[in-house]
Structures are given as C-alpha cells and as structure tokens.
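Student: Input structure: input_2.pdb, which contains PDB, C-alpha atoms.
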```
ATOM      1  CA  MET A   1    -101.582  23.041 146.309
ATOM      2  CA  PHE A   2    -101.484  19.554 147.730
ATOM      3  CA  ARG A   3    -102.827  18.975 151.235
ATOM      4  CA  SER A   4    -100.716  16.694 153.357
ATOM      5  CA  LYS A   5    -102.372  14.208 155.682
ATOM      6  CA  ASN A   6     -99.646  14.240 158.305
ATOM      7  CA  LYS A   7     -99.941  15.556 161.863
ATOM      8  CA  TYR A   8     -97.914  18.695 161.070
ATOM      9  CA  CYS A   9    -100.185  19.880 158.205
ATOM     10  CA  ILE A  10     -97.222  20.499 155.897
ATOM     11  CA  ASN A  11     -98.360  21.684 152.458
ATOM     12  CA  ILE A  12     -96.571  22.093 149.136
ATOM     13  CA  SER A  13     -96.989  24.696 146.410
ATOM     14  CA  LEU A  14     -95.401  24.303 142.999
ATOM     15  CA  LEU A  15     -93.870  27.117 140.943
ATOM     16  CA  GLY A  16     -96.629  28.330 138.635
ATOM     17  CA  ASN A  17     -99.508  27.466 140.988
ATOM     18  CA  SER A  18    -101.913  30.274 141.825
ATOM     19  CA  ASN A  19    -100.931  30.235 145.511
ATOM     20  CA  TYR A  20     -97.146  30.308 144.891
ATOM     21  CA  PRO A  21     -95.767  33.635 146.238
ATOM     22  CA  ILE A  22     -95.457  36.091 143.323
ATOM     23  CA  LEU A  23     -92.340  37.851 144.595
ATOM     24  CA  LEU A  24     -90.592  34.536 145.207
ATOM     25  CA  SER A  25     -91.362  33.440 141.653
ATOM     26  CA  GLN A  26     -89.606  36.563 140.320
ATOM     27  CA  ILE A  27     -86.158  35.912 141.817
ATOM     28  CA  ASN A  28     -83.321  34.282 139.900
ATOM     29  CA  ASP A  29     -83.724  30.512 140.070
ATOM     30  CA  PRO A  30     -86.822  30.288 142.319
ATOM     31  CA  PRO A  31     -87.484  26.981 144.073
ATOM     32  CA  LEU A  32     -89.680  24.641 142.036
ATOM     33  CA  TRP A  33     -91.655  23.648 145.110
ATOM     34  CA  LEU A  34     -92.275  25.313 148.427
ATOM     35  CA  PHE A  35     -93.087  23.371 151.572
ATOM     36  CA  TYR A  36     -94.981  25.404 154.148
ATOM     37  CA  ILE A  37     -97.161  25.351 157.236
ATOM     38  CA  GLY A  38     -99.881  27.963 157.556
ATOM     39  CA  ASP A  39    -101.513  30.440 155.216
ATOM     40  CA  LEU A  40     -99.470  31.709 152.240
ATOM     41  CA  SER A  41    -101.876  34.614 151.665
ATOM     42  CA  ILE A  42    -100.080  36.514 154.449
ATOM     43  CA  LEU A  43     -97.240  37.003 151.948
ATOM     44  CA  GLU A  44     -99.482  39.404 149.998
ATOM     45  CA  GLN A  45     -98.982  41.955 152.796
ATOM     46  CA  LYS A  46     -95.884  44.050 153.380
ATOM     47  CA  ILE A  47     -93.472  41.976 155.411
ATOM     48  CA  LEU A  48     -89.981  42.183 156.839
ATOM     49  CA  THR A  49     -87.609  39.259 157.020
ATOM     50  CA  VAL A  50     -84.448  39.160 159.073
ATOM     51  CA  VAL A  51     -81.867  36.448 158.505
ATOM     52  CA  GLY A  52     -79.177  35.971 161.078
ATOM     53  CA  THR A  53     -77.789  33.942 163.908
ATOM     54  CA  ARG A  54     -79.838  32.129 166.514
ATOM     55  CA  LYS A  55     -77.715  33.750 169.208
ATOM     56  CA  PRO A  56     -77.464  37.449 168.293
ATOM     57  CA  SER A  57     -75.217  39.822 170.182
ATOM     58  CA  SER A  58     -76.776  42.513 172.351
ATOM     59  CA  TYR A  59     -75.787  45.060 169.683
ATOM     60  CA  GLY A  60     -77.470  42.952 166.980
ATOM     61  CA  GLN A  61     -80.656  42.803 169.041
ATOM     62  CA  LEU A  62     -80.555  46.548 169.619
ATOM     63  CA  VAL A  63     -80.168  47.549 165.969
ATOM     64  CA  THR A  64     -82.711  44.991 164.767
TER      65      THR A  64
END
```
Transcribe the structure of this file into structure tokens.

Tutor:
Amino acid sequence: MFRSKNKYCINISLLGNSNYPILLSQINDPPLWLFYIGDLSILEQKILTVVGTRKPSSYGQLVT
C-alpha cells in the first residue's frame, strides 16, 4: 500500500499486496491497482453492493 500525501487521503493497493481484497483478486481479469479512500479491512466482513441508477424509481427503492 502506498500512502498518498494529498488532501483527500487517496490510497492505492496493487494486485498481490496483502491488503488487496481477496474476493476481488479472484474474479476474471481483476484490476491491477485499486484506488480507495478509507479502510479496506471492512471488505473482510459480509457486505452487500447494489449497482444502479442515481435516480431510482419508487418501485426500485421499494424492492431494494
């Protein structure tokens, strides 16, 4: 991991580093580097990700 010295505290993790997310490294063609803000260790917990529009319909909000 490389620590950035900018005001946004953006960090980078390279594929193969100890802090690179394990599940992400197991997909087809994982990214070679990952830019992030925050603590990557949270990815060791069970998580849910939802990908969709920035302006969901009322039905989309309800079922999500």

Student: Looking at only C-alpha atoms, which of A:Ile47, A:Ile37, A:Leu24, A:Leu32 is the one that sits closest to Asn11 of chain A?

Tutor: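 Of A:Ile47, A:Ile37, A:Leu24, A:Leu32, the one nearest Asn11 of chain A is A:Ile37, counting only C-alpha atoms.
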
Student: Could you write out as a list in words the residues that the PyMOL selection byres ((chain A and resi 33) around 9) matches in the shown file?

Tutor: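 Selected by the PyMOL selection byres ((chain A and resi 33) around 9) here: Ile12, Ser13, Leu14, Leu15, Tyr20, Pro30, Pro31, Leu32, Leu34 and Phe35 of chain A.
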
Student: Please write out, as JSON, where the centre of an axis-aligned box around all listed atoms of segment 14-25 of chain A lies and how long its edges are, in Å to one decimal, after adding 8 Å on each side.

Tutor:
```
{"center_x": -96.3, "center_y": 31.1, "center_z": 142.4, "size_x": 27.3, "size_y": 29.5, "size_z": 23.6}
```

Student: Measuring atom to atom with all atoms listed in the file, identify which of A:Asn19, A:Asn28, A:Thr53, A:Gln61 is nearest to Ser41 of chain A.

Tutor: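 Ranking A:Asn19, A:Asn28, A:Thr53, A:Gln61 by distance to Ser41 of chain A, first place goes to A:Asn19.
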
Student: Rounded to one decimal place, report the atom CA of Asn17 of chain A-atom CA of Leu48 of chain A distance in Å.

Tutor: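 Answer for the atom CA of Asn17 of chain A to atom CA of Leu48 of chain A separation: 23.6 Å.
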
Student: May I ask for the distance between atom CA of Gly38 of chain A and atom CA of Lys7 of chain A, given in Å to one decimal place?

Tutor: 13.1 Å

Student: Just how far from atom CA of Leu23 of chain A is atom CA of Ile10 of chain A, in Å to one decimal?

Tutor: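 Atom-to-atom, atom CA of Ile10 of chain A and atom CA of Leu23 of chain A are spaced 21.3 Å apart.
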
Student: Pick out the closest residue to Val63 of chain A from this set: A:Tyr8, A:Ile42, A:Ser18, A:Val50. Count only C-alpha atoms.

Tutor: A:Val50

Student: Given the choices A:Thr64, A:Gly16, A:Asp29, A:Leu40, which gets closest to Gly52 of chain A if the distance is worked out from all atoms listed in the file?

Tutor: A:Thr64
